[in-house]
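Have a look at protein29.txt below; it lists compact mmCIF, C-alpha atoms.
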# COMPACT_ATOMS: atom_id res chain seq x y z
CA MET O 1 -60.36 172.30 278.54
CA GLN O 2 -59.45 171.14 282.04
CA TYR O 3 -59.26 167.42 282.65
CA GLY O 4 -58.50 167.66 286.35
CA ALA O 5 -55.44 165.42 285.99
CA ALA O 6 -52.18 166.75 284.54
CA ALA O 7 -51.15 163.35 283.15
CA LEU O 8 -54.46 163.07 281.29
CA GLN O 9 -54.19 166.63 280.01
CA LYS O 10 -50.72 165.91 278.64
CA LEU O 11 -51.88 162.66 277.04
CA VAL O 12 -54.71 164.41 275.17
CA GLU O 13 -52.29 167.11 274.02
CA GLN O 14 -49.82 164.51 272.75
CA PHE O 15 -52.47 162.75 270.68
CA GLU O 16 -53.79 166.07 269.42
CA LYS O 17 -50.42 166.89 267.87
CA MET O 18 -50.76 163.95 265.49
CA PRO O 19 -51.74 164.55 261.86
CA GLY O 20 -55.48 164.49 261.25
CA ILE O 21 -56.34 164.10 264.93
CA GLY O 22 -58.63 166.77 266.40
CA ARG O 23 -59.45 167.51 270.03
CA LYS O 24 -62.35 165.08 270.23
CA THR O 25 -60.51 162.13 268.71
CA ALA O 26 -57.47 162.87 270.89
CA GLN O 27 -59.73 162.83 273.95
CA ARG O 28 -61.31 159.54 272.89
CA MET O 29 -57.88 158.03 272.30
CA ALA O 30 -56.62 159.18 275.70
CA PHE O 31 -59.60 157.64 277.50
CA TYR O 32 -59.14 154.48 275.46
CA VAL O 33 -55.58 154.21 276.75
CA LEU O 34 -56.70 154.84 280.33
CA ASP O 35 -59.43 152.23 279.99
CA LEU O 36 -56.90 149.57 278.99
CA PRO O 37 -55.76 147.11 281.64
CA LYS O 38 -52.59 148.59 283.13
CA GLU O 39 -50.22 146.05 281.54
CA GLU O 40 -51.69 146.72 278.07
CA GLY O 41 -51.28 150.47 278.53
CA LEU O 42 -47.66 149.99 279.55
CA GLU O 43 -47.14 147.70 276.56
CA PHE O 44 -48.50 150.45 274.31
CA SER O 45 -46.02 152.91 275.83
CA ASP O 46 -43.26 150.36 275.37
CA THR O 47 -44.14 149.76 271.70
CA ILE O 48 -43.65 153.47 271.02
CA ARG O 49 -40.38 153.55 272.96
CA GLN O 50 -39.04 150.52 271.15
CA ALA O 51 -40.01 151.87 267.75
CA CYS O 52 -38.24 155.17 268.54
CA GLU O 53 -35.14 153.40 269.79
CA LYS O 54 -34.81 150.57 267.31
CA ILE O 55 -35.93 152.04 264.01
CA HIS O 56 -33.46 154.09 261.99
CA ARG O 57 -32.56 154.67 258.37
CA CYS O 58 -31.21 151.90 256.13
CA SER O 59 -27.55 152.58 255.39
CA VAL O 60 -28.22 152.15 251.67
CA CYS O 61 -31.66 153.50 250.73
CA CYS O 62 -32.61 155.49 253.88
CA ASN O 63 -35.85 153.51 254.29
CA LEU O 64 -36.82 152.81 257.91
CA THR O 65 -35.45 149.57 259.33
CA GLU O 66 -34.30 147.91 262.52
CA ASN O 67 -31.19 146.49 260.89
CA GLU O 68 -28.19 148.06 259.23
CA LYS O 69 -29.72 147.40 255.79
CA CYS O 70 -33.48 147.21 255.16
CA SER O 71 -35.17 144.01 253.98
CA ILE O 72 -35.44 145.28 250.40
CA CYS O 73 -31.78 146.28 250.11
CA SER O 74 -30.77 142.94 251.65
CA ASP O 75 -32.90 140.99 249.16
CA GLU O 76 -30.56 139.55 246.52
CA SER O 77 -33.48 138.57 244.27
CA ARG O 78 -34.36 142.22 243.60
CA ASP O 79 -33.01 144.26 240.72
CA HIS O 80 -30.38 146.48 242.31
CA SER O 81 -29.75 148.38 239.08
CA THR O 82 -33.10 150.19 239.20
CA ILE O 83 -33.77 152.74 241.95
CA CYS O 84 -37.24 154.09 242.62
CA VAL O 85 -36.88 157.45 244.39
CA VAL O 86 -39.77 158.21 246.77
CA GLU O 87 -40.46 161.06 249.19
CA ASP O 88 -41.18 158.90 252.23
CA SER O 89 -41.57 155.36 253.53
CA GLN O 90 -45.32 155.50 253.07
CA SER O 91 -44.83 156.05 249.32
CA LEU O 92 -42.43 153.10 249.30
CA LEU O 93 -45.09 150.95 250.93
CA ALA O 94 -47.65 152.07 248.32
CA VAL O 95 -45.33 151.07 245.46
CA GLU O 96 -44.50 147.75 247.18
CA LYS O 97 -48.19 147.03 247.58
CA THR O 98 -48.70 147.03 243.80
CA GLY O 99 -46.40 143.99 243.66
CA GLU O 100 -45.25 145.24 240.24
CA TYR O 101 -41.89 146.68 241.15
CA LYS O 102 -38.85 144.46 241.61
CA GLY O 103 -36.11 147.08 241.87
CA VAL O 104 -34.84 148.87 244.96
CA TYR O 105 -35.70 152.25 246.47
CA HIS O 106 -34.28 155.49 247.74
CA VAL O 107 -36.24 157.39 250.38
CA LEU O 108 -35.68 161.16 250.27
CA HIS O 109 -37.51 161.86 253.56
CA GLY O 110 -39.22 164.92 252.16
CA ALA O 111 -39.43 167.11 249.07
CA ILE O 112 -37.85 170.41 248.14
CA SER O 113 -40.04 173.21 249.44
CA PRO O 114 -38.46 176.67 249.66
CA ILE O 115 -41.58 178.00 251.44
CA ASP O 116 -41.00 175.54 254.31
CA GLY O 117 -37.24 176.12 254.16
CA ILE O 118 -36.56 172.58 252.92
CA GLY O 119 -33.71 172.41 250.43
CA PRO O 120 -31.89 169.46 248.82
CA GLU O 121 -29.45 169.40 251.75
CA ASP O 122 -32.34 168.45 254.07
CA LEU O 123 -33.14 165.40 251.95
CA THR O 124 -31.06 162.29 251.33
CA VAL O 125 -29.87 163.58 247.94
CA LYS O 126 -26.21 163.22 248.90
CA GLU O 127 -26.77 159.53 249.71
CA LEU O 128 -28.56 159.02 246.39
CA LEU O 129 -25.70 160.61 244.45
CA ALA O 130 -23.20 158.43 246.29
CA ARG O 131 -25.16 155.33 245.22
CA VAL O 132 -25.28 156.51 241.61
CA ASN O 133 -21.57 157.31 241.60
CA GLU O 134 -20.76 153.86 242.94
CA GLY O 135 -21.97 152.54 239.58
CA GLY O 136 -24.14 149.59 238.57
CA ILE O 137 -27.32 151.68 238.32
CA LYS O 138 -29.20 151.63 235.00
CA GLU O 139 -32.44 153.46 235.72
CA ILE O 140 -33.74 155.97 238.23
CA ILE O 141 -37.53 156.19 238.57
CA LEU O 142 -38.52 159.52 240.11
CA ALA O 143 -41.67 158.61 242.06
CA THR O 144 -42.01 161.86 243.98
CA ASP O 145 -45.53 163.21 244.54
CA SER O 146 -47.44 164.83 241.71
CA ASP O 147 -47.61 168.22 243.47
CA VAL O 148 -45.49 171.37 243.27
CA GLU O 149 -42.87 170.15 245.77
CA GLY O 150 -42.70 166.70 244.23
CA GLU O 151 -42.32 168.10 240.72
CA ALA O 152 -39.65 170.56 241.87
CA THR O 153 -37.74 167.72 243.54
CA ALA O 154 -38.00 165.55 240.43
CA MET O 155 -36.77 168.42 238.27
CA TYR O 156 -33.86 169.11 240.62
CA LEU O 157 -32.82 165.44 240.67
CA THR O 158 -33.13 165.18 236.87
CA LYS O 159 -30.75 168.11 236.39
CA LEU O 160 -28.37 166.58 238.88
CA ILE O 161 -28.35 163.00 237.60
CA LYS O 162 -29.06 163.35 233.86
CA PRO O 163 -25.45 164.41 233.04
CA LEU O 164 -24.27 161.09 234.49
CA GLY O 165 -25.88 159.32 231.53
CA LEU O 166 -28.50 157.29 233.41
CA LYS O 167 -32.02 156.52 232.21
CA ILE O 168 -34.34 158.69 234.28
CA THR O 169 -38.10 158.13 234.31
CA ARG O 170 -41.07 159.73 236.05
CA LEU O 171 -44.42 158.11 236.97
CA ALA O 172 -47.15 158.63 234.35
CA SER O 173 -49.77 161.30 234.98
CA GLY O 174 -53.33 160.73 233.86
CA LEU O 175 -56.79 159.64 234.86
CA SER O 176 -57.13 157.57 238.02
CA VAL O 177 -58.50 154.14 237.14
CA GLY O 178 -62.27 154.25 237.48
CA THR O 179 -62.52 158.01 236.93
CA ASP O 180 -65.20 159.49 234.66
CA VAL O 181 -63.65 161.82 232.08
CA GLN O 182 -66.35 164.39 232.83
CA TYR O 183 -65.29 164.61 236.46
CA ALA O 184 -61.52 164.71 235.92
CA ASP O 185 -59.88 168.02 236.79
CA GLY O 186 -58.52 170.07 233.88
CA VAL O 187 -54.83 169.71 234.70
CA THR O 188 -55.05 165.93 235.04
CA LEU O 189 -57.04 165.69 231.80
CA SER O 190 -54.42 167.79 229.96
CA LYS O 191 -51.71 165.48 231.27
CA ALA O 192 -53.72 162.45 230.18
CA ILE O 193 -54.12 163.84 226.65
CA GLU O 194 -50.44 164.75 226.51
CA GLY O 195 -49.45 161.26 227.61
CA ARG O 196 -51.95 159.40 225.33
CA PHE O 197 -50.74 156.17 223.78
CA GLU O 198 -51.53 154.22 220.64
CA VAL O 199 -53.68 151.12 221.00
CA MET E 1 -49.23 144.47 255.02
CA GLN E 2 -45.52 143.97 255.66
CA TYR E 3 -43.56 146.95 256.92
CA GLY E 4 -40.18 145.23 256.92
CA ALA E 5 -39.59 146.20 260.55
CA ALA E 6 -41.28 144.34 263.40
CA ALA E 7 -41.28 147.36 265.70
CA LEU E 8 -43.06 149.43 263.05
CA GLN E 9 -45.54 146.66 262.37
CA LYS E 10 -46.38 146.46 266.07
CA LEU E 11 -46.74 150.23 266.33
CA VAL E 12 -49.23 150.36 263.46
CA GLU E 13 -51.18 147.48 265.03
CA GLN E 14 -51.29 149.26 268.39
CA PHE E 15 -52.71 152.44 266.87
CA GLU E 16 -55.15 150.43 264.78
CA LYS E 17 -56.73 148.99 267.92
CA MET E 18 -57.87 152.46 268.98
CA PRO E 19 -61.50 153.49 268.51
CA GLY E 20 -62.22 155.10 265.16
CA ILE E 21 -58.70 154.55 263.83
CA GLY E 22 -58.43 152.58 260.58
CA ARG E 23 -55.37 151.04 258.95
CA LYS E 24 -54.42 154.17 256.98
CA THR E 25 -54.66 156.55 259.93
CA ALA E 26 -52.76 154.08 262.12
CA GLN E 27 -50.02 153.97 259.52
CA ARG E 28 -49.87 157.76 259.30
CA MET E 29 -49.70 157.99 263.08
CA ALA E 30 -46.90 155.42 263.27
CA PHE E 31 -44.82 157.28 260.70
CA TYR E 32 -45.53 160.54 262.50
CA VAL E 33 -44.07 159.04 265.69
CA LEU E 34 -41.02 157.74 263.82
CA ASP E 35 -40.50 161.13 262.18
CA LEU E 36 -40.37 162.82 265.59
CA PRO E 37 -36.95 163.71 266.99
CA LYS E 38 -35.95 160.76 269.18
CA GLU E 39 -36.39 162.61 272.48
CA GLU E 40 -39.92 163.71 271.52
CA GLY E 41 -40.81 160.15 270.59
CA LEU E 42 -39.56 158.90 273.94
CA GLU E 43 -41.47 161.69 275.69
CA PHE E 44 -44.62 160.50 273.93
CA SER E 45 -44.00 156.96 275.16
CA ASP E 46 -43.36 158.32 278.64
CA THR E 47 -46.60 160.36 278.65
CA ILE E 48 -48.56 157.18 278.03
CA ARG E 49 -46.64 155.27 280.69
CA GLN E 50 -47.14 158.02 283.25
CA ALA E 51 -50.85 158.30 282.48
CA CYS E 52 -51.24 154.53 282.93
CA GLU E 53 -49.28 154.52 286.16
CA LYS E 54 -50.55 157.70 287.83
CA ILE E 55 -54.19 157.88 286.88
CA HIS E 56 -56.69 155.83 288.85
CA ARG E 57 -60.24 156.17 290.14
CA CYS E 58 -61.25 158.82 292.68
CA SER E 59 -62.03 157.13 296.00
CA VAL E 60 -65.36 158.96 296.17
CA CYS E 61 -66.87 159.34 292.70
CA CYS E 62 -64.71 156.94 290.62
CA ASN E 63 -63.75 159.72 288.19
CA LEU E 64 -60.18 159.52 286.87
CA THR E 65 -57.63 161.38 288.96
CA GLU E 66 -53.99 161.38 290.01
CA ASN E 67 -54.86 162.01 293.65
CA GLU E 68 -56.83 160.08 296.21
CA LYS E 69 -59.87 162.33 295.60
CA CYS E 70 -60.56 164.06 292.28
CA SER E 71 -60.56 167.85 291.97
CA ILE E 72 -64.37 168.01 291.92
CA CYS E 73 -64.84 165.87 295.05
CA SER E 74 -62.14 167.93 296.81
CA ASP E 75 -63.86 171.22 295.88
CA GLU E 76 -65.68 172.48 298.99
CA SER E 77 -67.56 175.13 296.98
CA ARG E 78 -69.52 172.48 295.10
CA ASP E 79 -72.90 171.12 296.17
CA HIS E 80 -72.09 167.72 297.64
CA SER E 81 -75.77 166.87 298.15
CA THR E 82 -76.45 166.48 294.43
CA ILE E 83 -74.88 163.62 292.51
CA CYS E 84 -74.91 163.49 288.73
CA VAL E 85 -74.45 159.85 287.67
CA VAL E 86 -72.66 159.47 284.32
CA GLU E 87 -71.46 156.48 282.33
CA ASP E 88 -67.89 157.65 281.81
CA SER E 89 -65.40 160.44 282.39
CA GLN E 90 -66.05 161.85 278.93
CA SER E 91 -69.70 162.40 279.86
CA LEU E 92 -68.55 164.10 283.05
CA LEU E 93 -66.37 166.45 281.01
CA ALA E 94 -69.31 167.23 278.71
CA VAL E 95 -71.51 168.17 281.69
CA GLU E 96 -68.68 170.20 283.25
CA LYS E 97 -68.21 172.07 279.98
CA THR E 98 -71.75 173.48 280.17
CA GLY E 99 -70.67 175.33 283.31
CA GLU E 100 -74.25 174.92 284.57
CA TYR E 101 -73.78 172.14 287.06
CA LYS E 102 -72.40 172.80 290.53
CA GLY E 103 -72.98 169.44 292.18
CA VAL E 104 -70.71 166.41 292.25
CA TYR E 105 -70.57 163.28 290.09
CA HIS E 106 -70.51 159.53 290.14
CA VAL E 107 -68.84 157.75 287.24
CA LEU E 108 -70.27 154.27 286.55
CA HIS E 109 -67.55 153.27 284.04
CA GLY E 110 -70.04 151.69 281.69
CA ALA E 111 -73.71 150.86 281.33
CA ILE E 112 -75.71 147.70 281.89
CA SER E 113 -75.61 145.66 278.70
CA PRO E 114 -76.56 141.99 278.99
CA ILE E 115 -75.55 141.41 275.35
CA ASP E 116 -71.96 142.41 276.21
CA GLY E 117 -72.14 140.58 279.51
CA ILE E 118 -71.99 143.81 281.53
CA GLY E 119 -74.12 143.71 284.66
CA PRO E 120 -74.47 146.13 287.61
CA GLU E 121 -71.61 144.33 289.38
CA ASP E 122 -69.22 145.49 286.62
CA LEU E 123 -70.14 149.11 287.23
CA THR E 124 -69.50 151.29 290.30
CA VAL E 125 -73.06 150.79 291.55
CA LYS E 126 -71.87 149.47 294.90
CA GLU E 127 -69.80 152.63 295.46
CA LEU E 128 -72.80 154.80 294.53
CA LEU E 129 -75.05 152.98 296.99
CA ALA E 130 -72.42 153.39 299.71
CA ARG E 131 -72.39 157.14 299.09
CA VAL E 132 -76.18 157.32 299.21
CA ASN E 133 -76.32 155.26 302.41
CA GLU E 134 -73.80 157.54 304.05
CA GLY E 135 -76.48 160.23 303.91
CA GLY E 136 -76.42 163.94 303.05
CA ILE E 137 -77.59 163.35 299.47
CA LYS E 138 -80.72 165.17 298.31
CA GLU E 139 -80.85 164.53 294.58
CA ILE E 140 -79.51 161.97 292.13
CA ILE E 141 -79.44 163.06 288.47
CA LEU E 142 -79.26 160.04 286.19
CA ALA E 143 -77.26 161.35 283.23
CA THR E 144 -76.67 158.02 281.52
CA ASP E 145 -76.81 157.95 277.71
CA SER E 146 -80.10 158.15 275.89
CA ASP E 147 -79.70 154.69 274.32
CA VAL E 148 -80.94 151.23 275.29
CA GLU E 149 -78.05 150.53 277.69
CA GLY E 150 -78.23 154.00 279.25
CA GLU E 151 -81.98 153.75 279.76
CA ALA E 152 -81.69 150.25 281.24
CA THR E 153 -79.01 151.49 283.64
CA ALA E 154 -81.13 154.48 284.66
CA MET E 155 -84.14 152.23 285.23
CA TYR E 156 -82.06 149.81 287.32
CA LEU E 157 -80.65 152.61 289.47
CA THR E 158 -84.09 154.16 289.92
CA LYS E 159 -85.50 150.89 291.25
CA LEU E 160 -82.53 150.56 293.55
CA ILE E 161 -82.43 154.08 294.97
CA LYS E 162 -86.06 155.23 294.81
CA PRO E 163 -87.05 153.25 297.97
CA LEU E 164 -84.45 155.27 299.91
CA GLY E 165 -86.64 158.34 299.47
CA LEU E 166 -84.27 160.49 297.40
CA LYS E 167 -85.24 162.82 294.58
CA ILE E 168 -84.21 161.10 291.36
CA THR E 169 -84.14 162.95 288.04
CA ARG E 170 -83.24 162.09 284.45
CA LEU E 171 -81.94 164.43 281.73
CA ALA E 172 -84.68 165.83 279.47
CA SER E 173 -85.17 164.26 276.05
CA GLY E 174 -86.19 166.42 273.12
CA LEU E 175 -84.99 168.34 270.07
CA SER E 176 -81.33 169.26 269.90
CA VAL E 177 -80.96 173.03 269.91
CA GLY E 178 -80.86 174.21 266.30
CA THR E 179 -82.77 171.19 264.94
CA ASP E 180 -85.54 171.60 262.36
CA VAL E 181 -88.71 169.83 263.47
CA GLN E 182 -89.06 168.32 259.98
CA TYR E 183 -85.71 166.58 260.29
CA ALA E 184 -86.08 165.30 263.86
CA ASP E 185 -86.38 161.55 264.15
CA GLY E 186 -89.77 160.18 265.24
CA VAL E 187 -88.72 158.87 268.64
CA THR E 188 -87.03 162.14 269.61
CA LEU E 189 -90.05 164.13 268.41
CA SER E 190 -92.39 161.91 270.46
CA LYS E 191 -90.22 162.51 273.52
CA ALA E 192 -90.22 166.25 272.83
CA ILE E 193 -94.04 166.32 272.61
CA GLU E 194 -94.34 164.21 275.75
CA GLY E 195 -92.01 166.57 277.62
CA ARG E 196 -93.58 169.80 276.30
CA PHE E 197 -93.79 172.68 278.75
CA GLU E 198 -96.05 175.70 279.19
CA VAL E 199 -94.69 179.09 278.14

Step by step, read the file and then write its structure as C-alpha cells.
Amino acid sequence: MQYGAAALQKLVEQFEKMPGIGRKTAQRMAFYVLDLPKEEGLEFSDTIRQACEKIHRCSVCCNLTENEKCSICSDESRDHSTICVVEDSQSLLAVEKTGEYKGVYHVLHGAISPIDGIGPEDLTVKELLARVNEGGIKEIILATDSDVEGEATAMYLTKLIKPLGLKITRLASGLSVGTDVQYADGVTLSKAIEGRFEV
Amino acid sequence: MQYGAAALQKLVEQFEKMPGIGRKTAQRMAFYVLDLPKEEGLEFSDTIRQACEKIHRCSVCCNLTENEKCSICSDESRDHSTICVVEDSQSLLAVEKTGEYKGVYHVLHGAISPIDGIGPEDLTVKELLARVNEGGIKEIILATDSDVEGEATAMYLTKLIKPLGLKITRLASGLSVGTDVQYADGVTLSKAIEGRFEV
C-alpha cells in the first residue's frame, strides 16, 4: 500500500507492529494521529518518549517504575515476607486488581521457552534468588501462566528454591467462575477434580 | 486503574483515546512500547512527531502530503479534469486501491453534520469551489459516504456546483459483490432495484 507520504507510511508501519493491530486498525490509528491538533499529536509523541526514558525496572522486584523502587516495594504496610512471582507487569496488575493480595511481587519479564530461545538467564531469576538469599521470605507464590511455558518456569523455580526450605505455592487450577461444567475443557476439568475440596 | 507510574498511566490513557481501542488493548500497547529496546521506543515517538510536523494538506486537493502538492496532484499522467470528492484520506486510499480511477481528488476532511456542529465552512468546500471556478473541470464525482451525513454533503455540493454546468455524478448504490439477495438490507435492496440496468 502506498500512502504518498513517507512519514505517513512509516507511522502506519509502526502501529502495525503492535500486538493485535492489523493493517486497517494501524491505518485508522495513523489518520487519527494526523487528525489531532498539532500540539496534541506532539504531546502524544512526547508521552511515548517520556515513558521510554523514565520507566525502568524496580531495583527490588523488577516491576516497571519511574523511581528506584516501585510503589509496592516502597509500601511498608505490605507483607514483604511473601513474594508473588509473575511473568510480566500485566499479570502483576491483574493480581493487584483483585485487592486480595497484600504481599510483594517479583516480575520475571518472561517465561522459560526453549523454542523461542528463552532460558532462565533471560529472566530475572538471579534477582529473585538474591532476594530469597537475603532472608526474611516465608512464602513464594508462583503465579506464572497456566500454559506450557508458565508451568515449565514454575517447575524450574520450584527445583531451584525448594531446597532453601521456603513454602512454595502455585495458583489453583480449575473452573473459571461462571463456567458451565459441560463446556469446560477436559484438561481444566481434570485439574478441577484433582483439586476438589471438602465443603 | 493505578499503574504505579505516572508516565505509564499517561501512555495507556493516550492509546485509549484512539478509535476502536479499549482499556485492555491500550494497556497491551503501552506495555509493548515499554518492552521495546529503548532506541526503538524513541524511534516510535519520533515517527509520530515527524508525521505531525511534516504532514499537512495538499495546496490543491487537501489530501495529506509532505510536499506542497500531493503525489496525485503532481502526477501529469492523471486526468485533471475529473475530481473525485471524498470525505477523508482513507476514502481516497480506498478508491486508489481499486486501480480504476485515473482522475484527481478533493478531500473534504469531514461531512456536513448539524448534530455535531459541522457545517460546510468546516470542510474544504471553499477550496473545491475555487478549483471549479478556475475552470478545466469536466466532471465531479461525489464519493461521500452512503450515510446520512455523506448524502447531505453530496446534496449540498450538488446544489452548489450544478448551476455551474458541470457533470456531477454519485457512486452507485446497490448490493455488495458477493452478497446474497436474501440477506441484503431493505434500503440497499430498494436502491439496487432502483438502479437496475439492462443486460

### Message
Could you tell me which residues of chain E sit within 7 Å of chain O when counting all atoms listed in the file, and give me the result as JSON, numbers by chain?
### Response
{"E": [4, 5, 7, 8, 10, 11, 14, 18, 19, 29, 32, 34, 38, 41, 42, 44, 45, 46, 47, 48, 49, 50, 51, 52, 65, 66, 71]}

#### Entry: Å distance separating atom CA of E:Met155 from atom CA of E:Asp122, one decimal place
16.4 Å

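Residues surrounding E:Thr188 within 9 Å are Ser173, Gly174, Leu175 and Ile193 of chain E [only C-alpha atoms; sequence separation below 5 positions excluded].
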
### Query
Could you work out how far atom CA of O:Thr153 lies from atom CA of O:Gly135, giving the answer in Å with one decimal?
22.2 Å

### Message
I'd like the interatomic distance between atom CA of O:Ala154 and atom CA of O:Leu171, to a tenth of an Å.
### Response
10.4 Å

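All residues of protein, DNA or RNA that reach within 12 Å of E:Thr158, judged by all atoms listed in the file and not counting those fewer than 2 positions away in the chain, are Val85, Val125, Leu129, Glu139, Ile140, Ile141, Leu142, Ala143, Thr144, Glu151, Ala152, Thr153, Ala154, Met155, Tyr156, Leu160, Ile161, Lys162, Pro163, Leu164, Gly165, Leu166, Lys167, Ile168, Thr169 and Arg170 of chain E.
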
Could you write out the selected residues, including C-alpha atoms, as a PDB file, in the coordinates of the input?
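Saved the output as selection-v7.pdb:
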ATOM      1  CA  VAL E  85     -74.450 159.850 287.670  1.00  0.00           C
ATOM      2  CA  VAL E 125     -73.060 150.790 291.550  1.00  0.00           C
ATOM      3  CA  LEU E 129     -75.050 152.980 296.990  1.00  0.00           C
ATOM      4  CA  GLU E 139     -80.850 164.530 294.580  1.00  0.00           C
ATOM      5  CA  ILE E 140     -79.510 161.970 292.130  1.00  0.00           C
ATOM      6  CA  ILE E 141     -79.440 163.060 288.470  1.00  0.00           C
ATOM      7  CA  LEU E 142     -79.260 160.040 286.190  1.00  0.00           C
ATOM      8  CA  ALA E 143     -77.260 161.350 283.230  1.00  0.00           C
ATOM      9  CA  THR E 144     -76.670 158.020 281.520  1.00  0.00           C
ATOM     10  CA  GLU E 151     -81.980 153.750 279.760  1.00  0.00           C
ATOM     11  CA  ALA E 152     -81.690 150.250 281.240  1.00  0.00           C
ATOM     12  CA  THR E 153     -79.010 151.490 283.640  1.00  0.00           C
ATOM     13  CA  ALA E 154     -81.130 154.480 284.660  1.00  0.00           C
ATOM     14  CA  MET E 155     -84.140 152.230 285.230  1.00  0.00           C
ATOM     15  CA  TYR E 156     -82.060 149.810 287.320  1.00  0.00           C
ATOM     16  CA  LEU E 160     -82.530 150.560 293.550  1.00  0.00           C
ATOM     17  CA  ILE E 161     -82.430 154.080 294.970  1.00  0.00           C
ATOM     18  CA  LYS E 162     -86.060 155.230 294.810  1.00  0.00           C
ATOM     19  CA  PRO E 163     -87.050 153.250 297.970  1.00  0.00           C
ATOM     20  CA  LEU E 164     -84.450 155.270 299.910  1.00  0.00           C
ATOM     21  CA  GLY E 165     -86.640 158.340 299.470  1.00  0.00           C
ATOM     22  CA  LEU E 166     -84.270 160.490 297.400  1.00  0.00           C
ATOM     23  CA  LYS E 167     -85.240 162.820 294.580  1.00  0.00           C
ATOM     24  CA  ILE E 168     -84.210 161.100 291.360  1.00  0.00           C
ATOM     25  CA  THR E 169     -84.140 162.950 288.040  1.00  0.00           C
ATOM     26  CA  ARG E 170     -83.240 162.090 284.450  1.00  0.00           C
TER      27      ARG E 170
END

### Message
Residues near E:Cys61, anyone? I mean within 8 Å using only C-alpha atoms, not counting same-chain ones fewer than 4 positions away, as a list in words.
### Response
Arg57, Cys70, Cys73, Tyr105, His106, Val107, Glu127 and Leu128 of chain E

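Of the listed residues O:Ala94, O:Val104, O:Val187, O:Val86, the one whose atoms come nearest to O:Leu123 is O:Val86, with distances taken using all atoms listed in the file.
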